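Structure data (mmCIF, C-alpha atoms) from coords_18.cif:
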data_query
loop_
_atom_site.label_atom_id
_atom_site.label_comp_id
_atom_site.auth_asym_id
_atom_site.auth_seq_id
_atom_site.Cartn_x
_atom_site.Cartn_y
_atom_site.Cartn_z
CA MET A 12 -9.02 0.66 17.87
CA CYS A 13 -5.96 1.28 15.69
CA TRP A 14 -2.86 3.25 16.57
CA SER A 15 -0.29 4.84 14.34
CA VAL A 16 3.18 5.33 15.75
CA PRO A 17 5.38 8.35 15.02
CA GLY A 18 8.92 7.74 13.86
CA LYS A 19 11.79 9.69 12.37
CA ILE A 20 13.02 9.00 8.85
CA ILE A 21 16.73 8.22 9.13
CA ASP A 22 17.35 6.86 5.62
CA ILE A 23 15.58 6.61 2.27
CA GLU A 24 16.37 4.11 -0.49
CA GLY A 25 14.04 4.41 -3.44
CA ASN A 26 10.54 4.39 -2.02
CA ILE A 27 11.48 2.66 1.26
CA ALA A 28 12.41 4.58 4.39
CA THR A 29 14.20 3.41 7.48
CA VAL A 30 12.16 4.88 10.32
CA GLU A 31 13.26 4.90 13.96
CA HIS A 32 10.69 4.41 16.75
CA SER A 33 12.14 4.74 20.25
CA GLY A 34 15.44 3.15 19.21
CA VAL A 35 13.89 0.47 16.97
CA GLN A 36 14.43 0.76 13.22
CA ARG A 37 11.94 -0.49 10.63
CA LYS A 38 11.74 -0.36 6.86
CA VAL A 39 8.46 1.16 5.68
CA PRO A 40 7.07 2.01 2.23
CA LEU A 41 6.55 5.68 1.43
CA ASP A 42 3.77 5.18 -1.14
CA LEU A 43 1.38 7.51 0.74
CA ILE A 44 3.87 10.32 1.51
CA THR A 45 4.66 13.26 -0.76
CA ASP A 46 8.28 14.45 -0.87
CA PRO A 47 9.63 12.61 2.21
CA ALA A 48 12.99 13.73 3.57
CA ILE A 49 15.51 12.39 6.05
CA GLY A 50 14.88 13.94 9.45
CA GLU A 51 11.11 14.28 9.01
CA TYR A 52 8.63 12.48 11.24
CA VAL A 53 5.90 10.24 9.88
CA LEU A 54 3.05 8.22 11.35
CA VAL A 55 3.41 4.50 10.64
CA HIS A 56 0.33 2.29 10.58
CA ALA A 57 0.00 -1.26 9.27
CA GLY A 58 3.59 -1.13 8.06
CA TYR A 59 3.21 2.02 5.92
CA ALA A 60 4.14 5.64 6.48
CA ILE A 61 0.70 7.24 6.22
CA GLN A 62 1.24 10.90 7.08
CA LYS A 63 3.93 13.45 7.88
CA VAL A 64 3.76 15.06 11.33
CA SER A 65 5.65 17.89 12.95
CA GLU A 66 8.52 17.07 15.27
CA GLU A 67 6.57 18.71 18.10
CA LYS A 68 3.51 16.45 17.61
CA ALA A 69 5.68 13.36 17.16
CA LYS A 70 7.62 14.00 20.37
CA PHE A 71 4.41 14.75 22.28
CA THR A 72 2.94 11.41 21.18
CA ILE A 73 6.16 9.50 21.93
CA ASP A 74 6.30 11.04 25.42
CA PHE A 75 2.61 10.26 25.96
CA PHE A 76 3.12 6.58 25.12
CA LYS A 77 6.16 6.38 27.41
CA THR A 78 4.25 7.96 30.31
CA ARG A 79 1.10 5.85 29.82
CA GLY A 80 3.17 2.68 29.55
CA LYS A 81 4.69 3.30 32.97
CA ASN A 82 1.28 3.97 34.54
CA ALA A 83 -0.64 1.16 32.85
#

Could you render the structure from this file as structure tokens?
Amino acid sequence: MCWSVPGKIIDIEGNIATVEHSGVQRKVPLDLITDPAIGEYVLVHAGYAIQKVSEEKAKFTIDFFKTRGKNA
């Protein structure tokens, strides 16, 4: 099973975004994203931003992972 993790784009330099996941920042290529913008949320899988997601869906998923992690 594979998981993609939602993160918020906090910076873009060329085709590389800095994406924040629960306080951790990573650099990820934007090759698969159309018109990315700072402040948008993306799903990151295998080191690439693979899809934009709404803030609502991103926060739901982040909260889900936090809750499941405490109960696991």

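Counting all atoms listed in the file, the residue from A:Ile44, A:Ile21, A:Ile49, A:Val16 that sits nearest to Lys63 of chain A is A:Ile44.
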
Response to the item:
The distance between atom CA of Glu51 of chain A and atom CA of Glu31 of chain A is 10.8 Å

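Among the candidates A:Tyr59, A:Phe76, A:Phe71, A:Tyr52, the one nearest to Gly18 of chain A when counting all atoms listed in the file is A:Tyr52.
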
Item to complete: Tell me which of A:Pro17, A:Lys70, A:Thr78, A:Gln62 sits closest to Val30 of chain A, counting all atoms listed in the file.
Response: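 Counting all atoms listed in the file, the residue closest to Val30 of chain A is A:Pro17.
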
Response to the item:
note - atom CA of Leu43 of chain A and atom CA of Ala60 of chain A are separated by 6.6 Å

Discussion item. I need the residue nearest Asp22 of chain A from this list: A:Val64, A:Phe75, A:Ala48, A:Leu41. Use only C-alpha atoms for the distance.
Written reply: A:Ala48

Discussion item. Just to confirm, what's the straight-line distance from atom CA of Asp46 of chain A to atom CA of Lys68 of chain A in Å (one decimal)?
Written reply: 19.2 Å

Item to complete: Find the residue from A:Ala57, A:Ala28, A:Asp42, A:Ser33 that sits nearest to Cys13 of chain A; use only C-alpha atoms when measuring.
Response: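 Using only C-alpha atoms, the shortest distance to Cys13 of chain A belongs to A:Ala57.
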
Would you compute, for all listed atoms of segment 65-82 of chain A, the axis-aligned bounding box grown by 4 Å on each side, and then report its centre and edge lengths in Å rounded to one decimal, as lines of an AutoDock Vina configuration file?
center_x = 4.8
center_y = 10.7
center_z = 23.7
size_x = 15.4
size_y = 24.0
size_z = 29.6

Worksheet item: Hey, which of A:Ile27, A:Ile20, A:Val35, A:Val53 ends up closest to Glu67 of chain A? Count all atoms listed in the file.
Response: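 Result for the nearest residue to Glu67 of chain A: A:Val53.
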
Please, could N, CA and C atoms be added to segment 57-80 of chain A and the result written as a compact mmCIF listing (two decimals), keeping the file's coordinate frame?
# COMPACT_ATOMS: atom_id res chain seq x y z
N ALA A 57 0.10 -0.06 10.10
CA ALA A 57 0.00 -1.26 9.27
C ALA A 57 1.21 -1.41 8.34
N GLY A 58 2.37 -0.96 8.82
CA GLY A 58 3.59 -1.13 8.06
C GLY A 58 3.88 -0.07 7.02
N TYR A 59 3.03 0.94 6.90
CA TYR A 59 3.21 2.02 5.92
C TYR A 59 3.33 3.37 6.60
N ALA A 60 4.15 4.24 6.06
CA ALA A 60 4.14 5.64 6.48
C ALA A 60 2.88 6.25 5.87
N ILE A 61 2.00 6.78 6.72
CA ILE A 61 0.70 7.24 6.22
C ILE A 61 0.55 8.75 6.22
N GLN A 62 1.40 9.45 6.98
CA GLN A 62 1.24 10.90 7.08
C GLN A 62 2.48 11.51 7.70
N LYS A 63 2.86 12.70 7.22
CA LYS A 63 3.93 13.45 7.88
C LYS A 63 3.34 14.14 9.10
N VAL A 64 4.16 14.30 10.15
CA VAL A 64 3.76 15.06 11.33
C VAL A 64 4.93 15.94 11.76
N SER A 65 4.60 17.01 12.46
CA SER A 65 5.65 17.89 12.95
C SER A 65 6.46 17.18 14.03
N GLU A 66 7.68 17.63 14.22
CA GLU A 66 8.52 17.07 15.27
C GLU A 66 7.87 17.26 16.63
N GLU A 67 7.24 18.41 16.83
CA GLU A 67 6.57 18.71 18.10
C GLU A 67 5.46 17.68 18.40
N LYS A 68 4.60 17.42 17.42
CA LYS A 68 3.51 16.45 17.61
C LYS A 68 4.06 15.04 17.80
N ALA A 69 5.09 14.70 17.03
CA ALA A 69 5.68 13.36 17.16
C ALA A 69 6.25 13.16 18.56
N LYS A 70 7.00 14.13 19.05
CA LYS A 70 7.62 14.00 20.37
C LYS A 70 6.57 13.99 21.47
N PHE A 71 5.50 14.78 21.31
CA PHE A 71 4.41 14.75 22.28
C PHE A 71 3.80 13.35 22.37
N THR A 72 3.55 12.74 21.22
CA THR A 72 2.94 11.41 21.18
C THR A 72 3.89 10.36 21.76
N ILE A 73 5.17 10.44 21.41
CA ILE A 73 6.16 9.50 21.93
C ILE A 73 6.22 9.61 23.46
N ASP A 74 6.27 10.84 23.97
CA ASP A 74 6.30 11.04 25.42
C ASP A 74 5.02 10.53 26.08
N PHE A 75 3.89 10.74 25.43
CA PHE A 75 2.61 10.26 25.96
C PHE A 75 2.63 8.74 26.11
N PHE A 76 3.07 8.04 25.06
CA PHE A 76 3.12 6.58 25.12
C PHE A 76 4.08 6.10 26.21
N LYS A 77 5.21 6.77 26.37
CA LYS A 77 6.16 6.38 27.41
C LYS A 77 5.55 6.57 28.79
N THR A 78 4.86 7.68 29.02
CA THR A 78 4.25 7.96 30.31
C THR A 78 3.11 7.00 30.59
N ARG A 79 2.24 6.76 29.62
CA ARG A 79 1.10 5.85 29.82
C ARG A 79 1.57 4.43 30.03
N GLY A 80 2.64 4.03 29.38
CA GLY A 80 3.17 2.68 29.55
C GLY A 80 3.64 2.43 30.96
